[in-house]
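**Q** Next up, upload.txt (compact mmCIF, C-alpha atoms).
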# COMPACT_ATOMS: atom_id res chain seq x y z
CA MET A 1 5.53 2.49 -49.13
CA PHE A 2 2.83 0.54 -47.30
CA ILE A 3 0.60 3.61 -46.93
CA GLN A 4 0.88 4.37 -50.64
CA LYS A 5 -0.06 0.79 -51.50
CA ILE A 6 -3.16 0.94 -49.31
CA LYS A 7 -4.19 4.31 -50.75
CA ARG A 8 -4.05 2.85 -54.26
CA ARG A 9 -6.04 -0.24 -53.26
CA LEU A 10 -8.74 1.82 -51.57
CA LYS A 11 -8.80 4.72 -54.02
CA HIS A 12 -12.16 3.83 -55.54
CA ALA A 13 -13.80 3.67 -52.11
CA TYR A 14 -12.99 7.30 -51.31
CA TYR A 15 -14.18 9.04 -54.49
CA GLY A 16 -17.77 8.53 -53.35
CA LEU A 17 -17.03 9.60 -49.76
CA MET A 18 -15.80 13.15 -50.28
CA GLY A 19 -19.17 14.55 -49.25
CA LYS A 20 -18.72 13.04 -45.78
CA TYR A 21 -15.53 15.01 -45.07
CA ASN A 22 -15.21 18.77 -44.82
CA SER A 23 -11.60 18.91 -46.01
CA LEU A 24 -8.86 16.87 -47.60
CA ASP A 25 -7.16 16.79 -44.19
CA SER A 26 -10.12 15.03 -42.58
CA LEU A 27 -10.21 12.56 -45.47
CA GLN A 28 -6.49 11.94 -44.99
CA ASP A 29 -7.10 11.28 -41.27
CA ARG A 30 -9.70 8.68 -42.22
CA ILE A 31 -7.29 7.01 -44.63
CA GLU A 32 -4.62 6.85 -41.91
CA SER A 33 -7.17 5.38 -39.49
CA LEU A 34 -8.16 2.72 -42.00
CA ARG A 35 -4.50 1.97 -42.63
CA ASP A 36 -4.16 0.97 -38.98
CA HIS A 37 -7.17 -1.36 -39.36
CA ILE A 38 -5.20 -3.63 -41.67
CA SER A 39 -1.61 -2.96 -40.62
CA LEU A 40 0.35 -5.83 -39.13
CA THR A 41 2.06 -3.30 -36.83
CA PRO A 42 -0.59 -0.66 -36.07
CA ARG A 43 0.73 2.55 -34.55
CA SER A 44 -2.06 2.85 -31.99
CA VAL A 45 -4.46 0.77 -29.91
CA GLU A 46 -8.06 1.89 -29.91
CA TYR A 47 -9.54 -0.01 -26.97
CA VAL A 48 -7.98 -1.90 -24.06
CA MET A 49 -9.92 -4.06 -21.63
CA ILE A 50 -8.15 -4.54 -18.31
CA SER A 51 -9.24 -7.01 -15.65
CA PRO A 52 -7.72 -5.61 -12.44
CA SER A 53 -9.17 -8.47 -10.39
CA TYR A 54 -10.00 -12.09 -11.13
CA MET A 55 -12.05 -12.34 -7.94
CA CYS A 56 -15.75 -11.51 -7.88
CA THR A 57 -18.40 -10.87 -5.26
CA TYR A 58 -21.09 -12.66 -7.30
CA GLU A 59 -21.60 -15.99 -9.06
CA CYS A 60 -23.91 -14.89 -11.89
CA PHE A 61 -25.37 -17.90 -13.67
CA PHE A 62 -24.32 -16.60 -17.10
CA CYS A 63 -20.66 -16.01 -16.11
CA SER A 64 -18.16 -18.27 -17.87
CA THR A 65 -15.79 -18.33 -14.86
CA HIS A 66 -17.73 -17.81 -11.60
CA SER A 67 -21.23 -19.18 -12.34
CA TYR A 68 -22.89 -20.99 -9.43
CA LEU A 69 -24.13 -23.52 -11.99
CA LEU A 70 -20.57 -24.72 -12.60
CA LYS A 71 -19.52 -27.65 -10.41
CA PRO A 72 -16.01 -27.67 -8.83
CA GLY A 73 -13.50 -28.46 -11.57
CA GLU A 74 -16.08 -27.81 -14.29
CA TYR A 75 -15.65 -25.12 -16.96
CA ALA A 76 -18.06 -23.31 -19.23
CA ASP A 77 -16.26 -24.44 -22.39
CA ALA A 78 -13.05 -25.98 -23.69
CA ILE A 79 -11.31 -22.59 -23.97
CA ASN A 80 -11.82 -21.85 -20.26
CA ALA A 81 -10.81 -25.42 -19.41
CA ASN A 82 -7.57 -24.94 -21.32
CA TYR A 83 -6.57 -21.68 -19.54
CA LEU A 84 -8.09 -21.45 -16.06
CA PRO A 85 -6.78 -24.56 -14.20
CA GLU A 86 -3.17 -23.32 -14.32
CA PHE A 87 -4.21 -19.69 -13.77
CA VAL A 88 -6.10 -20.32 -10.51
CA LYS A 89 -3.25 -22.30 -8.93
CA ASP A 90 -1.40 -19.08 -8.05
CA LYS A 91 -3.31 -16.44 -6.08
CA ASN A 92 -0.74 -13.86 -7.20
CA ASN A 93 -2.59 -14.00 -10.52
CA PHE A 94 -5.77 -12.60 -8.97
CA LEU A 95 -4.79 -8.89 -8.76
CA LEU A 96 -2.84 -6.82 -11.29
CA PRO A 97 0.09 -5.19 -9.42
CA LEU A 98 -0.01 -1.40 -9.40
CA ASP A 99 3.64 -1.04 -10.48
CA THR A 100 2.94 -3.31 -13.49
CA TYR A 101 -0.07 -1.16 -14.36
CA GLU A 102 2.01 2.04 -14.09
CA ARG A 103 4.52 0.67 -16.63
CA LEU A 104 1.62 -0.37 -18.86
CA ILE A 105 0.13 3.13 -18.85
CA ARG A 106 3.43 4.58 -20.08
CA ASP A 107 3.35 2.21 -23.06
CA LEU A 108 -0.34 2.79 -23.74
CA LYS A 109 0.20 6.54 -23.83
CA LEU A 110 2.95 6.10 -26.45
CA LEU A 111 0.58 3.93 -28.49
CA ARG A 112 -2.13 6.62 -28.31
CA VAL A 113 -4.71 4.41 -26.61
CA ARG A 114 -8.13 6.06 -26.64
CA HIS A 115 -9.96 4.07 -23.98
CA ILE A 116 -9.50 1.61 -21.13
CA ASP A 117 -12.46 -0.41 -19.87
CA PHE A 118 -11.94 -1.97 -16.45
CA SER A 119 -14.03 -5.13 -16.67
CA GLY A 120 -13.61 -8.76 -17.71
CA ILE A 121 -13.72 -11.90 -15.61
CA GLY A 122 -13.81 -10.38 -12.12
CA GLU A 123 -15.17 -7.41 -10.15
CA PRO A 124 -12.89 -4.37 -10.84
CA LEU A 125 -13.80 -2.64 -7.58
CA LEU A 126 -12.17 -5.46 -5.60
CA HIS A 127 -8.80 -4.06 -6.61
CA PRO A 128 -7.60 -1.87 -3.70
CA ASP A 129 -5.95 0.63 -6.09
CA ILE A 130 -8.78 1.01 -8.61
CA VAL A 131 -9.23 4.75 -7.92
CA GLN A 132 -5.50 5.34 -8.42
CA MET A 133 -5.62 3.30 -11.66
CA VAL A 134 -8.43 5.47 -13.05
CA ALA A 135 -6.64 8.65 -12.02
CA LEU A 136 -3.39 7.57 -13.68
CA ALA A 137 -5.14 6.80 -16.97
CA SER A 138 -7.02 10.11 -16.85
CA LYS A 139 -3.84 12.06 -16.12
CA ASN A 140 -2.32 10.54 -19.26
CA GLY A 141 -5.26 11.51 -21.45
CA ILE A 142 -6.80 8.04 -21.72
CA GLY A 143 -10.59 7.70 -21.42
CA THR A 144 -11.89 5.18 -18.88
CA SER A 145 -14.97 3.19 -18.00
CA ILE A 146 -15.77 0.63 -15.31
CA THR A 147 -18.29 -2.17 -15.62
CA SER A 148 -19.23 -3.30 -12.11
CA ASN A 149 -21.96 -5.23 -10.32
CA GLY A 150 -21.96 -2.38 -7.78
CA SER A 151 -22.30 -4.73 -4.80
CA ILE A 152 -19.39 -3.14 -2.90
CA LEU A 153 -19.61 0.38 -4.32
CA THR A 154 -20.13 2.90 -1.54
CA PRO A 155 -21.12 6.56 -2.01
CA GLU A 156 -17.59 7.53 -0.93
CA LYS A 157 -15.96 5.24 -3.52
CA PHE A 158 -18.39 6.50 -6.18
CA ASP A 159 -17.36 10.11 -5.46
CA ALA A 160 -13.66 9.17 -5.44
CA LEU A 161 -13.96 7.54 -8.88
CA ALA A 162 -15.77 10.58 -10.26
CA SER A 163 -13.08 12.89 -8.85
CA ALA A 164 -10.36 10.64 -10.34
CA GLY A 165 -11.78 11.33 -13.80
CA LEU A 166 -13.73 8.15 -14.52
CA GLY A 167 -15.37 8.57 -17.91
CA THR A 168 -18.36 6.22 -17.57
CA LEU A 169 -19.68 3.90 -14.88
CA VAL A 170 -21.76 0.91 -15.97
CA LEU A 171 -23.67 -0.85 -13.18
CA SER A 172 -25.14 -4.30 -13.77
CA VAL A 173 -28.74 -4.23 -12.58
CA ASN A 174 -30.36 -7.19 -14.41
CA SER A 175 -33.55 -7.15 -12.34
CA LEU A 176 -35.50 -4.80 -10.08
CA VAL A 177 -37.17 -7.75 -8.32
CA PRO A 178 -35.15 -8.98 -5.29
CA GLU A 179 -35.92 -12.68 -5.82
CA ARG A 180 -35.01 -12.52 -9.49
CA TYR A 181 -31.89 -10.51 -8.72
CA GLU A 182 -30.71 -13.23 -6.32
CA GLN A 183 -31.56 -15.97 -8.79
CA ILE A 184 -29.38 -14.27 -11.43
CA HIS A 185 -26.43 -13.28 -9.22
CA GLY A 186 -26.33 -16.07 -6.65
CA LYS A 187 -26.76 -16.05 -2.88
CA ALA A 188 -24.61 -12.95 -2.37
CA GLY A 189 -27.18 -11.08 -4.44
CA ARG A 190 -29.55 -10.86 -1.46
CA GLU A 191 -27.35 -8.39 0.41
CA GLY A 192 -25.82 -6.97 -2.74
CA TYR A 193 -29.25 -5.92 -3.97
CA LYS A 194 -29.79 -3.73 -0.90
CA ARG A 195 -26.40 -2.05 -1.22
CA LEU A 196 -26.66 -1.45 -4.97
CA PHE A 197 -30.16 -0.01 -4.92
CA GLY A 198 -29.33 2.13 -1.89
CA LEU A 199 -26.49 3.63 -3.94
CA PHE A 200 -28.86 4.92 -6.62
CA GLU A 201 -30.23 7.54 -4.22
CA HIS A 202 -26.72 8.96 -3.96
CA ILE A 203 -26.25 8.82 -7.73
CA ALA A 204 -29.49 10.75 -8.28
CA ALA A 205 -28.40 13.39 -5.74
CA ARG A 206 -25.03 13.79 -7.50
CA LYS A 207 -26.76 14.02 -10.88
CA GLN A 208 -28.93 16.83 -9.52
CA GLU A 209 -25.67 18.57 -8.58
CA ARG A 210 -24.75 18.34 -12.31
CA LEU A 211 -22.31 15.46 -12.05
CA ALA A 212 -20.89 15.12 -15.57
CA MET A 213 -19.87 11.45 -15.38
CA PRO A 214 -22.38 9.27 -17.28
CA VAL A 215 -23.86 6.39 -15.31
CA TYR A 216 -25.44 3.51 -17.22
CA ALA A 217 -27.46 0.53 -16.08
CA SER A 218 -26.60 -2.76 -17.75
CA PHE A 219 -29.54 -5.14 -18.15
CA ALA A 220 -28.89 -8.69 -19.39
CA ILE A 221 -32.21 -9.93 -20.76
CA THR A 222 -33.29 -13.46 -19.78
CA PRO A 223 -36.64 -15.24 -20.17
CA GLY A 224 -37.20 -14.48 -16.48
CA ASN A 225 -36.74 -10.69 -16.56
CA MET A 226 -37.83 -9.74 -20.08
CA ASP A 227 -41.06 -8.28 -18.70
CA GLU A 228 -39.14 -5.57 -16.75
CA ILE A 229 -38.26 -3.20 -19.60
CA GLU A 230 -40.94 -0.67 -18.80
CA ALA A 231 -39.97 -0.78 -15.11
CA ILE A 232 -36.25 -0.31 -15.75
CA GLU A 233 -36.97 2.65 -18.04
CA ALA A 234 -38.99 4.27 -15.24
CA PHE A 235 -36.13 3.47 -12.86
CA LYS A 236 -33.70 5.19 -15.24
CA ARG A 237 -35.80 8.36 -15.21
CA THR A 238 -36.29 8.33 -11.43
CA TYR A 239 -32.58 8.01 -10.65
CA LEU A 240 -31.37 10.20 -13.53
CA LEU A 241 -29.34 7.47 -15.23
CA ASP A 242 -27.98 8.26 -18.67
CA LYS A 243 -28.81 5.01 -20.43
CA VAL A 244 -29.83 1.37 -20.06
CA ASN A 245 -27.70 -1.10 -22.04
CA TYR A 246 -29.94 -4.01 -23.06
CA THR A 247 -28.02 -7.18 -23.96
CA PRO A 248 -29.19 -10.75 -24.55
CA VAL A 249 -27.99 -13.12 -21.84
CA ASN A 250 -24.85 -15.02 -22.83
CA ALA A 251 -25.86 -18.59 -22.00
CA HIS A 252 -23.23 -21.33 -21.75
CA GLU A 253 -23.60 -25.10 -21.82
CA CYS A 254 -24.46 -25.21 -18.12
CA SER A 255 -27.05 -22.42 -18.39
CA MET A 256 -28.83 -23.13 -21.67
CA GLN A 257 -32.16 -23.31 -19.83
CA TYR A 258 -31.90 -19.52 -19.49
CA ALA A 259 -31.14 -18.85 -23.17
CA LEU A 260 -33.48 -16.63 -25.18
CA SER A 261 -35.52 -18.15 -27.99
CA GLU A 262 -36.24 -16.33 -31.24
CA ASP A 263 -39.80 -15.62 -30.01
CA HIS A 264 -38.37 -14.10 -26.81
CA VAL A 265 -36.03 -11.90 -28.84
CA ASN A 266 -38.79 -10.66 -31.15
CA SER A 267 -40.93 -9.79 -28.13
CA VAL A 268 -38.07 -7.96 -26.38
CA ALA A 269 -37.10 -6.07 -29.54
CA ALA A 270 -40.70 -4.86 -29.94
CA ALA A 271 -40.79 -3.74 -26.28
CA ILE A 272 -37.48 -1.86 -26.59
CA THR A 273 -38.75 -0.01 -29.65
CA ARG A 274 -42.09 0.77 -27.99
CA LEU A 275 -40.90 1.71 -24.50
CA THR A 276 -37.43 3.22 -24.94
CA ASP A 277 -35.56 5.66 -27.17
CA GLN A 278 -33.53 2.76 -28.58
CA LYS A 279 -34.09 0.52 -31.60
CA GLY A 280 -35.21 -3.00 -30.87
CA GLU A 281 -33.65 -4.19 -34.11
CA GLU A 282 -30.22 -3.50 -32.64
CA PHE A 283 -30.97 -5.87 -29.74
CA LYS A 284 -32.23 -8.46 -32.20
CA HIS A 285 -29.12 -8.13 -34.32
CA LEU A 286 -26.89 -8.49 -31.25
CA TRP A 287 -28.68 -11.71 -30.31
CA GLU A 288 -28.38 -13.07 -33.84
CA SER A 289 -24.66 -12.36 -33.97
CA THR A 290 -24.02 -14.28 -30.72
CA ALA A 291 -26.68 -17.03 -30.85
CA LYS A 292 -25.99 -18.05 -34.42
CA ARG A 293 -22.73 -19.45 -35.69
CA ASN A 294 -20.24 -16.93 -37.05
CA GLU A 295 -19.31 -18.39 -40.43
CA MET A 296 -16.07 -16.38 -40.48
CA ASP A 297 -17.07 -14.63 -43.69
CA LEU A 298 -15.71 -11.27 -42.45
CA PRO A 299 -12.15 -10.27 -41.49
CA CYS A 300 -11.39 -9.90 -37.79
CA TYR A 301 -9.84 -6.55 -36.79
CA THR A 302 -9.41 -7.49 -33.14
CA GLY A 303 -5.63 -7.67 -33.44
CA THR A 304 -5.47 -4.04 -34.61
CA LYS A 305 -8.20 -2.42 -32.49
CA PHE A 306 -8.60 -4.31 -29.21
CA VAL A 307 -6.57 -6.12 -26.56
CA TRP A 308 -7.44 -7.70 -23.21
CA ILE A 309 -4.99 -7.60 -20.30
CA ASN A 310 -5.79 -10.06 -17.55
CA SER A 311 -5.10 -9.68 -13.83
CA ASN A 312 -1.98 -11.86 -14.04
CA GLY A 313 -0.50 -9.61 -16.75
CA ASP A 314 -1.34 -11.86 -19.69
CA VAL A 315 -1.93 -9.98 -22.96
CA ILE A 316 -4.79 -11.86 -24.61
CA CYS A 317 -6.02 -11.58 -28.19
CA CYS A 318 -9.71 -11.07 -27.42
CA CYS A 319 -12.48 -11.83 -24.93
CA PHE A 320 -13.61 -14.90 -26.93
CA GLY A 321 -10.38 -16.78 -26.41
CA TYR A 322 -7.35 -17.17 -24.15
CA TYR A 323 -4.61 -16.99 -26.76
CA VAL A 324 -1.77 -15.36 -24.79
CA LEU A 325 0.55 -13.10 -26.78
CA GLY A 326 2.85 -12.13 -23.91
CA ASN A 327 2.88 -10.98 -20.30
CA ILE A 328 3.45 -7.40 -19.14
CA LYS A 329 5.11 -8.59 -15.92
CA LYS A 330 7.92 -9.98 -18.08
CA GLN A 331 7.92 -7.72 -21.18
CA SER A 332 6.85 -4.22 -22.07
CA PHE A 333 3.44 -3.99 -23.71
CA GLN A 334 5.01 -2.17 -26.66
CA SER A 335 7.38 -5.08 -27.34
CA ILE A 336 4.46 -7.53 -27.21
CA TRP A 337 2.31 -5.34 -29.51
CA THR A 338 5.05 -5.34 -32.19
CA SER A 339 6.21 -8.95 -31.67
CA ASP A 340 6.37 -11.59 -34.42
CA LYS A 341 3.75 -13.60 -32.52
CA TYR A 342 1.26 -10.69 -32.60
CA ILE A 343 2.03 -9.98 -36.28
CA LEU A 344 1.27 -13.60 -37.22
CA PHE A 345 -1.96 -13.49 -35.20
CA ARG A 346 -3.04 -10.32 -37.04
CA LYS A 347 -2.29 -11.90 -40.42
CA LYS A 348 -4.48 -14.88 -39.59
CA ALA A 349 -7.27 -12.75 -38.12
CA LEU A 350 -7.34 -10.29 -41.02
CA SER A 351 -7.50 -13.12 -43.55
CA MET A 352 -10.03 -15.21 -41.60
CA HIS A 353 -12.76 -14.51 -44.18
CA LEU A 354 -10.46 -15.89 -46.88
CA THR A 355 -9.09 -18.97 -45.10
CA LYS A 356 -12.23 -19.78 -43.01
CA LYS A 357 -9.85 -20.74 -40.19
CA PRO A 358 -9.87 -19.27 -36.66
CA PRO A 359 -6.61 -17.40 -35.98
CA GLU A 360 -5.62 -19.23 -32.79
CA ILE A 361 -7.22 -20.55 -29.61
CA ALA A 362 -10.40 -18.52 -29.87
CA ASN A 363 -14.12 -19.20 -30.02
CA CYS A 364 -14.51 -17.32 -33.30
CA THR A 365 -17.70 -19.11 -34.30
CA GLN A 366 -19.55 -17.47 -31.38
CA CYS A 367 -18.01 -13.99 -31.68
CA PRO A 368 -20.15 -11.04 -32.87
CA MET A 369 -17.32 -8.52 -33.20
CA PRO A 370 -16.48 -8.91 -36.93
CA CYS A 371 -20.10 -7.94 -37.65
CA ALA A 372 -19.84 -4.93 -35.35
CA TYR A 373 -16.57 -3.75 -36.88
CA HIS A 374 -17.95 -4.27 -40.39
CA GLU A 375 -20.95 -2.05 -39.61
CA GLU A 376 -18.71 0.56 -37.99
CA LEU A 377 -16.68 0.81 -41.21
CA GLY A 378 -19.83 1.55 -43.20
CA ASP A 379 -19.06 2.67 -46.77
CA ASP A 380 -15.35 1.99 -46.30
CA ALA A 381 -15.81 -1.77 -45.70
CA ALA A 382 -15.82 -2.90 -49.34
CA GLY A 383 -12.59 -1.11 -50.22
CA LEU A 384 -10.90 -2.32 -47.04
CA HIS A 385 -11.89 -5.94 -47.65
CA GLU A 386 -10.57 -5.74 -51.20
CA ALA A 387 -7.24 -4.46 -49.86
CA LEU A 388 -7.11 -7.40 -47.43
CA ARG A 389 -7.81 -9.86 -50.25
CA ILE A 390 -4.91 -8.45 -52.26
CA LEU A 391 -2.50 -8.18 -49.32
CA TYR A 392 -3.22 -11.45 -47.51
CA GLY A 393 -5.18 -13.56 -50.00
CA GLY A 394 -2.28 -15.91 -50.52
CA LEU A 395 -2.06 -16.85 -46.84
CA SER A 396 -2.83 -20.54 -46.34
Spit out the file's structure as structure tokens when you get a sec.

**A**
Amino acid sequence: MFIQKIKRRLKHAYYGLMGKYNSLDSLQDRIESLRDHISLTPRSVEYVMISPSYMCTYECFFCSTHSYLLKPGEYADAINANYLPEFVKDKNNFLLPLDTYERLIRDLKLLRVRHIDFSGIGEPLLHPDIVQMVALASKNGIGTSITSNGSILTPEKFDALASAGLGTLVLSVNSLVPERYEQIHGKAGREGYKRLFGLFEHIAARKQERLAMPVYASFAITPGNMDEIEAIEAFKRTYLLDKVNYTPVNAHECSMQYALSEDHVNSVAAAITRLTDQKGEEFKHLWESTAKRNEMDLPCYTGTKFVWINSNGDVICCCFGYYVLGNIKKQSFQSIWTSDKYILFRKKALSMHLTKKPPEIANCTQCPMPCAYHEELGDDAAGLHEALRILYGGLS
């Protein structure tokens, strides 16, 4: 009944799209996919972020939890201040137990999860079972990636992750200059720099042996390193990296002195276009979507596409808030995903552009994801938004 209703609401959007699909079956698949975008009980989860470890080897100045600029008892914002004090009281919260993760994988397989990204508020490689975690996801047909600062990644651990089936490894580089690297990552960056950059020799050797696993460098642009784009592109070619991810630094209240200005962004965007195979406009757009207030004029699909699972087992709505929807140490993930609490959250998120109200405890005004999802939908966005207006427009 629900599927038929959505098909009728979106019918006009698909007449003009037939040229994009090579058969009615592929068009039907797209309709089913879009149905899950606006369902209050979606049948699958597209993307799961798991934080295996709360602990970190660095204190990057832009980090909302571990920044060396934060004084003891100080938090980057009210959302962190609301969640973290209770969380850090119990050290059992700092590592996700392997048996809890094994139960989670069984549920994620049933929900047809496409991808797990091991990242979040700590260093994933500090988890002693991270290789086993990657292998278990891979064995169950789930794609994986790890975002790491690389400070404790040895050649042996790198090879073990590749053998376990890791899909993509993203290493945070952020500067090729030792002094700048330390200034960004904190005192531990002095030794970490040597270990990380020593590892790239091994990566290049494995790439020459036709290692299939993509390895990316992540480069958070600040006013202090924005002149390194040409150098990092040369570094990418030398060490056979697959890509450099350029992102604007995410400055918090304590680190606003490192925030990018509009002039900085225009200069960086021009350099990216000139020196790389990427479009500088995409960097500029990313900065605009995070630096400027999100007016909540688009629906939020986070509740149907994305979920964050923290190291203590908390199932959290998104990475811009700590609204906890359940805990996988106490409940199955499947029961949380279909719970009344999650359904109500989805209703509020999907109608956010109509009510102009954040769904729960979340920093929606600073979140760029509705823009990203809207662009991903492309020609289907207008029809989908009309369906949301009809389905949830009466929600107060």

**Q** So that each row is one residue of segment 119-210 of chain A with an atom at most 9 Å from segment 308-318 of chain A, can you give its shortest atom pair and the distance in Å to one decimal, using all atoms listed in the file, rows by chain and rising number, as CSV?

**A**
residue,atom,partner,partner_atom,distance
A:Gly120,CA,A:Asn310,CA,7.9
A:Ile121,CA,A:Asn310,CA,8.4
A:Gly122,CA,A:Ser311,CA,8.9

**Q** Name the residues, using the chain letters and numbers of the file, that sit within 9 Å of (-35.4, -17.7, -22.8) when counting all atoms listed in the file, and give them as a VMD selection string.

**A** chain A and resid 221 to 224 226 249 256 to 265

**Q** Within 10 Å of Gly326 of chain A, counting all atoms listed in the file, which residues qualify if same-chain residues fewer than 2 places away don't, as a ChimeraX atom specification?

**A** /A:309,313-317,323-324,328-333,335-337,339,341-342

**Q** Grab the atom CA of Leu96 of chain A to atom CA of Pro52 of chain A distance for me, in Å with one decimal place.

**A**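 Taking atom CA of Leu96 of chain A as the start and atom CA of Pro52 of chain A as the end point, the length is 5.2 Å.
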
**Q** Mind checking which residues fall within 6 Å of segment 204-218 of chain A, counting all atoms listed in the file, ignoring those fewer than 6 positions away in the same chain, and posting them as a PyMOL selection string?

**A** chain A and resi 167-173+239-245

**Q** For a test of reading the model, state the distance in Å between atom CA of Glu253 of chain A and atom CA of Met352 of chain A, rounded to one decimal.

**A**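 Atom CA of Glu253 of chain A sits 25.9 Å away from atom CA of Met352 of chain A.
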
**Q** What is the distance between atom CA of Phe200 of chain A and atom CA of Phe61 of chain A, in Å to one decimal?

**A** 24.1 Å

**Q** With all atoms listed in the file as the basis for distance, which of A:Thr304, A:Asn140, A:Ser145, A:Gln278 is at the shortest distance from Leu104 of chain A?

**A**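 Among the listed residues, A:Asn140 lies closest to Leu104 of chain A.
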
**Q** Which residues, written as a PyMOL selection string, have at least one atom at most 6 Å from segment 279-286 of chain A, with only C-alpha atoms counted and residues fewer than 6 positions away on the same chain left out?

**A** chain A and resi 269-270+272-273

**Q** Point out the residue among A:Cys60, A:Ala349, A:Ile105, A:Val113 with the least atom-to-atom distance to Tyr181 of chain A, counting all atoms listed in the file.

**A**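 Among the listed residues, the smallest separation from Tyr181 of chain A belongs to A:Cys60.
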
**Q** Considering all atoms listed in the file, return as a ChimeraX atom specification whatever protein or nucleic-acid residues lie within 7 Å of Ala220 of chain A, sequence-local ones (same chain, fewer than 6 positions apart) excluded.

**A** /A:174,246-249

**Q** When distances are computed from only C-alpha atoms, which of A:His127, A:Phe235, A:Glu288, A:Ile229 shows the smallest separation from Ala271 of chain A?

**A**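 Nearest candidate to Ala271 of chain A out of A:His127, A:Phe235, A:Glu288, A:Ile229: A:Ile229.
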
**Q** Would you kindly identify which residues have an atom no farther than 12 Å from (-4.3, 2.3, -20.7), using all atoms listed in the file and the file's own coordinates, and write them out as a PyMOL selection string?

**A** chain A and resi 44-52+100-118+133-145+306-309+333-334

**Q** In terms of the shortest atom-to-atom distance over only C-alpha atoms, which of A:Thr238, A:Asn82, A:Ser175, A:Thr57 is closest to Asn149 of chain A?

**A**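 Between A:Thr238, A:Asn82, A:Ser175, A:Thr57, the residue approaching Asn149 of chain A most closely is A:Thr57.
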